[in-house]
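Data first, discussion second: the structure below is written as structure tokens.
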Amino acid sequence: MKILVINAGSSSMKYQLIDMDDESVIAKGNCERIGVDGHFKHTTGDGRVYETDVVMNNHTEAFVQIKNALISEEYGVIKNLDEVSAIGHRIVQGGALFSESVLVNEDVIKGIESLIPLAPLHNAAHVQGIRACLDVFGTEVPEVVVFDTAFHSTMPPKAFTYPVPYEYYEKYAVRRYGFHGTSHRYVSQRCAELMGKDIKDIKIITCHLGNGSSITAIKDGKVIDTSMGLTPLDGIMMGTRTGCLDPSVVTFIAEKEGFTPSEMDTLLNKKSGFLGISGVSSDDRDVTAAAESGNARAQLAIDILEYQILKYIGSYTAALGGVDAIVFTAGIGENQCSHRINVCNNLAYMGVKVDADLNAKAIRGVEGKISTPDSTVDVFVIPTNEELVIARDTMALVQK
Ligand code: AMP
């Protein structure tokens with residue numbers, strides 16, 4: 001069975017075609033700058049690359065590019081579209097409506113639409129993606145939606161309720177939802193497999209550290225707390241996002257500078273974090289390089305990040321009543337071994353010991369344990385694979 005996985009953004013659409021017989025990626029690509037000038041790149045599993053500038057006015061036109069590439073003589077990987085058995089979509093916000101993946105029907109699309117106020121850019125784009133997919137592939141190909149928030153839906157009210165007047169929870173569903181759930185789910189399950197244990201018997205802290213970052217506490221295979229909140233702005237500092245702040249910082253700066261709510265939103269989401277502190281870049285590699293060549297603000301950004309990761313691990317260890325495994329994943333978690341060791345060395349008080357050689361070697365897609373045999377907590381680097389989780393959920397629902 002071949003499954004097409006779609007991640008639709010407001011001006012981009014990433015895809016992977018996965019052969020579920022061996023879970024290999026047969027083709028992948030990205031439609032960028034949809035509605036602007038348009039750039040399309042398609043790569044096959046055997047290394048053929050098709051790249052072109054092409055105007056895509058909307059998501060339907062982007063889907064036409066994907067379809068044509070998949071069946072093209074030169075760059076194609078299937079003979080005709082019938083070979084695509086189902087399509088799985090990544091959806092950022094499932095709110096309280098969706099606690100698991102579901103087959104798409106009109107009610108589901110309306111449900112995702114109703115959550116647009118909670119994730120204006122993302123959910124609106126996902127709906128466009130689903131409708132465009134229906135336009136191009138028709139209703140015969142089943143579609144499934146997999147939510148970033150779903151894995152976090154097990155959080156108890158004491159973890160997800162914000163201490164603002166309760167009426168805002170009741171009126172507007174203002175609460176912590178958490179994001180990157182598909183990634184936290186994949187790496188926690190993989191962690192249990194690598195430990196040879198049932199996930200229900202272990203306590204895990206998963207650190208998804210990328211351009212966007214979140215940390216999650218998992219007990220009995222269920223999320224009990226996570227660092228992102230109502231939106232992906234909460235939690236630890238990120239590439240351009242603040243992470244958590246004293247809310248007064250927001251009103252104070254807004255008043256001083258005369259910023260509107262929308263201008264503040266841009267400042268907090270796009271101009272802060274690594275970029276705002278270092279003044280160099282939002283990219284960890286650039287900031288690390290600047291710090292190494294003596295840039296004090298770049299070093300400060302790194303110190304803040306490592307300190308915040310440390311504090312989250314400490315507080316989630318307390319929330320879990322102990323921890324059996326810590327997992328690092330995503331761009332920074334999988335590659336920036338200096339942050340991993342700096343954080344873990346500060347966890348020596350609770351028996352965490354990382355092997356410096358194993359840590360240095362666990363980069364660029366390498367999966368494995370980086371803690372020493374006598375460490376009281378197992379520490380893993382596990383490359384995330386959200387697309388595979390989406391494809392697996394899609395196959396399971398379609399086969400049902
Ligand atoms: P992500 O959002 O998961 O793609 O992660 C992006 C972040 O990972 C950026 O801050 C990058 O600097 C960082 N990173 C560090 N090393 C690498 C690498 N080898 N490949 C990709 N991202 C990396």
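Labels used: A, B, ... for chains in the order of the structure tokens, numbers from 1 for residues in each chain, and numbers from 1 for ligands as shown.
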Expected answer as a PDB file with C-alpha atoms, in the first residue's frame: residues within 10 Å of ligand 1, only C-alpha atoms and all ligand atoms:
ATOM      1  CA  HIS A 208      11.783  18.117  20.516  1.00  0.00           C
ATOM      2  CA  LEU A 209      14.301  20.897  19.851  1.00  0.00           C
ATOM      3  CA  GLY A 210      14.146  22.524  16.436  1.00  0.00           C
ATOM      4  CA  ASN A 211      13.244  25.880  15.030  1.00  0.00           C
ATOM      5  CA  GLY A 212      10.140  25.334  17.151  1.00  0.00           C
ATOM      6  CA  SER A 213      10.752  23.426  20.366  1.00  0.00           C
ATOM      7  CA  MET A 238      12.948  29.017  20.068  1.00  0.00           C
ATOM      8  CA  GLY A 239      14.451  30.262  16.806  1.00  0.00           C
ATOM      9  CA  THR A 240      12.296  33.388  16.643  1.00  0.00           C
ATOM     10  CA  PHE A 274      17.578  33.072  19.305  1.00  0.00           C
ATOM     11  CA  SER A 281      20.283  34.460  13.360  1.00  0.00           C
ATOM     12  CA  SER A 282      17.383  32.229  14.312  1.00  0.00           C
ATOM     13  CA  ASP A 283      19.439  29.192  13.304  1.00  0.00           C
ATOM     14  CA  ASP A 284      21.260  27.346  16.059  1.00  0.00           C
ATOM     15  CA  ARG A 285      24.212  26.555  13.769  1.00  0.00           C
ATOM     16  CA  ASP A 286      24.825  30.271  13.063  1.00  0.00           C
ATOM     17  CA  VAL A 287      24.378  31.231  16.703  1.00  0.00           C
ATOM     18  CA  THR A 288      26.726  28.465  17.885  1.00  0.00           C
ATOM     19  CA  THR A 329      15.012  14.880  18.786  1.00  0.00           C
ATOM     20  CA  ALA A 330      14.462  17.357  15.872  1.00  0.00           C
ATOM     21  CA  GLY A 331      17.096  19.558  14.172  1.00  0.00           C
ATOM     22  CA  ILE A 332      18.837  20.794  17.321  1.00  0.00           C
ATOM     23  CA  GLY A 333      18.159  17.725  19.464  1.00  0.00           C
ATOM     24  CA  GLU A 334      19.472  15.388  16.765  1.00  0.00           C
ATOM     25  CA  ASN A 335      22.527  17.421  15.778  1.00  0.00           C
ATOM     26  CA  GLN A 336      23.753  19.924  18.343  1.00  0.00           C
ATOM     27  CA  CYS A 337      25.601  17.559  20.647  1.00  0.00           C
ATOM     28  CA  ILE A 363      24.381  13.361  14.775  1.00  0.00           C
ATOM     29  CA  ARG A 364      22.853  13.542  11.283  1.00  0.00           C
ATOM     30  CA  GLY A 365      20.217  10.865  11.586  1.00  0.00           C
ATOM     31  CA  PRO A 383      15.558  11.140  14.825  1.00  0.00           C
ATOM     32  CA  THR A 384      11.889  12.014  14.609  1.00  0.00           C
TER      33      THR A 384
END
Worksheet entry | Test item, strand (DSSP E or B) assignment across stretch 68-220 of chain A, answer as a PyMOL selection string | chain A and resi 84-91+102-103+143-147+203-209+213-219
Worksheet item: Which one is closest to A:Phe179: A:Glu106, A:Val136, A:Ser101, A:Gln93? Count only C-alpha atoms.
Response: A:Gln93
Discussion item. Report, in Å with one decimal, the straight-line distance from atom CA of A:His59 to atom CA of A:Val146.
Written reply: 19.0 Å
Discussion item. List the spatial neighbours of A:Asp46 as a PyMOL selection string - criterion: any atom at most 10 Å away, only C-alpha atoms, same-chain residues fewer than 5 positions off excluded.
Written reply: chain A and resi 25-27+77
Can I get the selected residues back with N, CA and C atoms, as an mmCIF file, in the first residue's frame?
data_model
loop_
_atom_site.group_PDB
_atom_site.id
_atom_site.type_symbol
_atom_site.label_atom_id
_atom_site.label_comp_id
_atom_site.auth_asym_id
_atom_site.auth_seq_id
_atom_site.Cartn_x
_atom_site.Cartn_y
_atom_site.Cartn_z
ATOM 1 N N VAL A 25 10.516 5.709 1.838
ATOM 2 C CA VAL A 25 10.030 6.917 1.170
ATOM 3 C C VAL A 25 10.339 6.769 -0.328
ATOM 4 N N ILE A 26 9.288 6.712 -1.153
ATOM 5 C CA ILE A 26 9.500 6.520 -2.597
ATOM 6 C C ILE A 26 9.757 7.857 -3.275
ATOM 7 N N ALA A 27 9.145 8.903 -2.738
ATOM 8 C CA ALA A 27 9.371 10.246 -3.297
ATOM 9 C C ALA A 27 8.981 11.268 -2.252
ATOM 10 N N VAL A 77 7.288 7.895 -9.908
ATOM 11 C CA VAL A 77 7.541 6.705 -9.095
ATOM 12 C C VAL A 77 6.362 5.737 -9.147
#
Item to complete: Find the residues near stretch 386-390 of chain A: any atom within 6 Å, counting only C-alpha atoms, skip ones fewer than 3 places away on the same chain, and give them as an NGL selection string.
Response: :A and (88 or 182-183 or 393)
Could you write out the selected residues, including N, CA, C and O atoms, as a PDB file, in the first residue's frame?
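Written output follows (result.pdb):
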ATOM      1  N   GLY A  88      -2.703  11.049   3.917  1.00  0.00           N
ATOM      2  CA  GLY A  88      -2.731  11.469   5.327  1.00  0.00           C
ATOM      3  C   GLY A  88      -2.270  12.904   5.448  1.00  0.00           C
ATOM      4  O   GLY A  88      -1.244  13.271   4.882  1.00  0.00           O
ATOM      5  N   THR A 182       2.795  14.476  17.317  1.00  0.00           N
ATOM      6  CA  THR A 182       3.126  13.313  16.484  1.00  0.00           C
ATOM      7  C   THR A 182       4.596  12.939  16.679  1.00  0.00           C
ATOM      8  O   THR A 182       4.944  11.759  16.710  1.00  0.00           O
ATOM      9  N   SER A 183       5.448  13.951  16.833  1.00  0.00           N
ATOM     10  CA  SER A 183       6.867  13.697  17.055  1.00  0.00           C
ATOM     11  C   SER A 183       7.094  13.105  18.455  1.00  0.00           C
ATOM     12  O   SER A 183       7.801  12.104  18.609  1.00  0.00           O
ATOM     13  N   ASP A 393      -0.932   5.811  10.800  1.00  0.00           N
ATOM     14  CA  ASP A 393      -2.313   6.077  11.250  1.00  0.00           C
ATOM     15  C   ASP A 393      -3.279   6.008  10.073  1.00  0.00           C
ATOM     16  O   ASP A 393      -4.392   5.486  10.179  1.00  0.00           O
TER      17      ASP A 393
END
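Every protein or nucleic acid residue with an atom no more than 10 Å from A:Ala8, counting only C-alpha atoms and leaving out same-chain residues fewer than 6 positions away, appears here: A:Lys14, A:Tyr15, A:Asn30, A:Cys31, A:His59, A:His89, A:Arg90, A:Ile91, A:Val92, A:His122, A:Asn123, A:Ala124, A:Ala125, A:His126, A:Val127, A:Gln128, A:Gly129, A:Ile130.
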Practice prompt. Determine, counting only C-alpha atoms, which protein, DNA and RNA residues have an atom within 8 Å of an atom of stretch 260-272 of chain A; residues of the same chain fewer than 6 positions away are not included. Present the result as a PyMOL selection string.
Written response: chain A and resi 233+239-242+250+254
Those same residues - C-alpha atoms - I'd like them written as a PDB file, in the first residue's frame.
ATOM      1  CA  LEU A 233       4.629  30.249  21.404  1.00  0.00           C
ATOM      2  CA  GLY A 239      14.451  30.262  16.806  1.00  0.00           C
ATOM      3  CA  THR A 240      12.296  33.388  16.643  1.00  0.00           C
ATOM      4  CA  ARG A 241       9.715  32.755  19.396  1.00  0.00           C
ATOM      5  CA  THR A 242      10.020  33.886  22.998  1.00  0.00           C
ATOM      6  CA  VAL A 250       3.993  41.932  26.708  1.00  0.00           C
ATOM      7  CA  ALA A 254       3.195  47.267  23.930  1.00  0.00           C
TER       8      ALA A 254
END
Report as JSON lines the residues of stretch 302-359 of chain A within 12 Å of stretch 218-228 of chain A, each with its shortest atom pair and distance in Å (one decimal), using only C-alpha atoms, ordered by chain and increasing residue number.
{"residue": "A:Gln308", "atom": "CA", "partner": "A:Ser227", "partner_atom": "CA", "distance": 10.9}
{"residue": "A:Ile309", "atom": "CA", "partner": "A:Ser227", "partner_atom": "CA", "distance": 10.4}
{"residue": "A:Lys311", "atom": "CA", "partner": "A:Ser227", "partner_atom": "CA", "distance": 11.4}
{"residue": "A:Tyr312", "atom": "CA", "partner": "A:Ser227", "partner_atom": "CA", "distance": 8.1}
{"residue": "A:Ile313", "atom": "CA", "partner": "A:Ser227", "partner_atom": "CA", "distance": 10.6}
{"residue": "A:Ser315", "atom": "CA", "partner": "A:Asp225", "partner_atom": "CA", "distance": 10.3}
{"residue": "A:Tyr316", "atom": "CA", "partner": "A:Asp225", "partner_atom": "CA", "distance": 7.7}
{"residue": "A:Thr317", "atom": "CA", "partner": "A:Ile218", "partner_atom": "CA", "distance": 10.1}
{"residue": "A:Ala318", "atom": "CA", "partner": "A:Asp225", "partner_atom": "CA", "distance": 11.5}
{"residue": "A:Ala319", "atom": "CA", "partner": "A:Ile224", "partner_atom": "CA", "distance": 8.2}
{"residue": "A:Leu320", "atom": "CA", "partner": "A:Lys219", "partner_atom": "CA", "distance": 6.8}
{"residue": "A:Gly321", "atom": "CA", "partner": "A:Lys219", "partner_atom": "CA", "distance": 9.5}
{"residue": "A:Gly322", "atom": "CA", "partner": "A:Lys219", "partner_atom": "CA", "distance": 10.0}
{"residue": "A:Val323", "atom": "CA", "partner": "A:Lys219", "partner_atom": "CA", "distance": 9.1}
{"residue": "A:Asp324", "atom": "CA", "partner": "A:Lys219", "partner_atom": "CA", "distance": 10.0}
{"residue": "A:Ala325", "atom": "CA", "partner": "A:Ile218", "partner_atom": "CA", "distance": 10.0}
{"residue": "A:Ile326", "atom": "CA", "partner": "A:Ile218", "partner_atom": "CA", "distance": 10.3}
{"residue": "A:Val327", "atom": "CA", "partner": "A:Ile218", "partner_atom": "CA", "distance": 11.1}
Include N, CA, C and O atoms and write out the residues we just selected as a CSV table (one decimal), in the first residue's frame.
chain,number,residue,atom,x,y,z
A,308,GLN,N,17.1,26.6,30.1
A,308,GLN,CA,15.6,26.4,30.1
A,308,GLN,C,15.3,24.9,29.9
A,308,GLN,O,14.4,24.3,30.5
A,309,ILE,N,16.1,24.2,29.0
A,309,ILE,CA,15.9,22.8,28.8
A,309,ILE,C,16.1,22.1,30.2
A,309,ILE,O,15.3,21.2,30.6
A,311,LYS,N,15.8,23.3,33.2
A,311,LYS,CA,14.7,23.6,34.1
A,311,LYS,C,13.5,22.7,33.8
A,311,LYS,O,12.8,22.2,34.7
A,312,TYR,N,13.2,22.6,32.5
A,312,TYR,CA,12.0,21.8,32.1
A,312,TYR,C,12.2,20.3,32.5
A,312,TYR,O,11.3,19.7,33.0
A,313,ILE,N,13.4,19.8,32.2
A,313,ILE,CA,13.7,18.4,32.6
A,313,ILE,C,13.5,18.3,34.1
A,313,ILE,O,12.9,17.3,34.6
A,315,SER,N,11.7,20.1,36.2
A,315,SER,CA,10.3,20.2,36.7
A,315,SER,C,9.5,19.0,36.2
A,315,SER,O,8.6,18.5,37.0
A,316,TYR,N,9.8,18.5,35.1
A,316,TYR,CA,9.0,17.3,34.6
A,316,TYR,C,9.4,16.1,35.3
A,316,TYR,O,8.6,15.2,35.5
A,317,THR,N,10.6,16.0,35.8
A,317,THR,CA,11.0,14.8,36.6
A,317,THR,C,10.2,14.9,37.9
A,317,THR,O,9.7,13.8,38.3
A,318,ALA,N,10.1,16.1,38.4
A,318,ALA,CA,9.2,16.2,39.7
A,318,ALA,C,7.8,15.8,39.4
A,318,ALA,O,7.1,15.1,40.1
A,319,ALA,N,7.3,16.3,38.2
A,319,ALA,CA,5.8,16.0,37.9
A,319,ALA,C,5.6,14.5,37.7
A,319,ALA,O,4.5,14.0,38.0
A,320,LEU,N,6.6,13.9,37.1
A,320,LEU,CA,6.5,12.4,36.8
A,320,LEU,C,6.8,11.6,38.0
A,320,LEU,O,6.4,10.4,38.0
A,321,GLY,N,7.4,12.2,39.0
A,321,GLY,CA,7.8,11.3,40.2
A,321,GLY,C,9.0,10.5,39.8
A,321,GLY,O,9.1,9.3,40.2
A,322,GLY,N,10.0,11.1,39.0
A,322,GLY,CA,11.1,10.3,38.6
A,322,GLY,C,11.1,10.2,37.1
A,322,GLY,O,10.1,10.5,36.4
A,323,VAL,N,12.3,9.8,36.5
A,323,VAL,CA,12.3,9.7,35.0
A,323,VAL,C,13.2,8.5,34.7
A,323,VAL,O,14.3,8.3,35.3
A,324,ASP,N,12.8,7.7,33.7
A,324,ASP,CA,13.6,6.6,33.3
A,324,ASP,C,14.4,6.9,32.0
A,324,ASP,O,15.5,6.3,31.8
A,325,ALA,N,13.9,7.8,31.2
A,325,ALA,CA,14.6,8.1,29.9
A,325,ALA,C,14.3,9.5,29.5
A,325,ALA,O,13.2,10.1,29.7
A,326,ILE,N,15.4,10.1,28.9
A,326,ILE,CA,15.3,11.5,28.3
A,326,ILE,C,15.6,11.3,26.8
A,326,ILE,O,16.6,10.6,26.5
A,327,VAL,N,14.8,11.9,26.0
A,327,VAL,CA,15.0,11.7,24.5
A,327,VAL,C,15.2,13.1,23.9
A,327,VAL,O,14.5,14.0,24.2
Discussion item. So the first atom is atom CA of A:Ala217 and the second is atom CA of A:Tyr166; what is the distance between them in Å, to one decimal place?
Written reply: 25.0 Å
Worksheet entry | 8 Å contact set for A:Gly181, only C-alpha atoms, chain neighbours under 4 positions out, as a ChimeraX atom specification | /A:147-152,185
Would you save the residues of that selection, restricted to all heavy atoms, as a CSV table (one decimal), in the first residue's frame?
chain,number,residue,atom,x,y,z
A,147,PHE,N,-3.5,14.9,14.0
A,147,PHE,CA,-3.4,16.1,14.7
A,147,PHE,C,-2.1,16.2,15.6
A,147,PHE,O,-1.9,15.3,16.4
A,147,PHE,CB,-4.6,16.4,15.6
A,147,PHE,CG,-5.9,16.4,14.8
A,147,PHE,CD1,-6.6,15.2,14.5
A,147,PHE,CD2,-6.4,17.6,14.2
A,147,PHE,CE1,-7.8,15.2,13.8
A,147,PHE,CE2,-7.5,17.6,13.5
A,147,PHE,CZ,-8.2,16.4,13.2
A,148,ASP,N,-1.5,17.4,15.5
A,148,ASP,CA,-0.3,17.7,16.4
A,148,ASP,C,-0.7,17.7,17.8
A,148,ASP,O,0.2,17.5,18.7
A,148,ASP,CB,0.3,19.1,16.0
A,148,ASP,CG,1.3,19.0,15.0
A,148,ASP,OD1,1.5,18.0,14.3
A,148,ASP,OD2,2.1,20.0,14.8
A,149,THR,N,-1.9,18.0,18.1
A,149,THR,CA,-2.4,18.2,19.5
A,149,THR,C,-2.9,16.9,20.1
A,149,THR,O,-3.0,16.8,21.4
A,149,THR,CB,-3.5,19.2,19.5
A,149,THR,OG1,-4.4,18.9,18.5
A,149,THR,CG2,-3.1,20.6,19.3
A,150,ALA,N,-3.2,15.9,19.3
A,150,ALA,CA,-3.9,14.7,19.8
A,150,ALA,C,-3.2,14.0,20.9
A,150,ALA,O,-3.8,13.6,21.9
A,150,ALA,CB,-4.2,13.8,18.6
A,151,PHE,N,-1.9,13.8,20.7
A,151,PHE,CA,-1.1,13.0,21.7
A,151,PHE,C,-1.2,13.7,23.1
A,151,PHE,O,-1.1,13.0,24.1
A,151,PHE,CB,0.3,12.8,21.2
A,151,PHE,CG,1.2,11.9,22.1
A,151,PHE,CD1,0.7,10.6,22.4
A,151,PHE,CD2,2.4,12.3,22.5
A,151,PHE,CE1,1.5,9.8,23.2
A,151,PHE,CE2,3.2,11.4,23.3
A,151,PHE,CZ,2.8,10.2,23.6
A,152,HIS,N,-1.4,15.0,23.1
A,152,HIS,CA,-1.4,15.7,24.4
A,152,HIS,C,-2.8,15.8,25.0
A,152,HIS,O,-2.9,16.4,26.1
A,152,HIS,CB,-0.9,17.2,24.1
A,152,HIS,CG,0.5,17.3,23.6
A,152,HIS,ND1,1.6,16.7,24.2
A,152,HIS,CD2,0.9,17.8,22.4
A,152,HIS,CE1,2.7,17.0,23.4
A,152,HIS,NE2,2.3,17.6,22.4
A,185,ARG,N,5.1,11.5,20.2
A,185,ARG,CA,4.5,10.1,20.2
A,185,ARG,C,5.5,9.1,19.6
A,185,ARG,O,5.8,8.1,20.1
A,185,ARG,CB,3.2,10.1,19.4
A,185,ARG,CG,2.4,8.8,19.4
A,185,ARG,CD,1.1,9.1,18.8
A,185,ARG,NE,0.7,8.0,17.9
A,185,ARG,CZ,-0.1,8.1,16.8
A,185,ARG,NH1,-0.6,9.3,16.5
A,185,ARG,NH2,-0.4,7.1,16.1
Worksheet item: Which residues in stretch 119-366 of chain A does DSSP call alpha helix (DSSP H)? List them as a ChimeraX atom specification.
Response: /A:120-137,157-160,167-172,181-195,247-257,261-270,273-278,284-292,296-320,330-335,337-345,356-361
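Going from atom CA of A:Ala348 over to atom CA of A:Ser375, you cover 9.0 Å.
Among the candidate residues A:Ala391, A:Ile116, A:Leu275, A:Ile382, the one lying nearest to A:Asp19 is A:Ala391, with distances computed using only C-alpha atoms.
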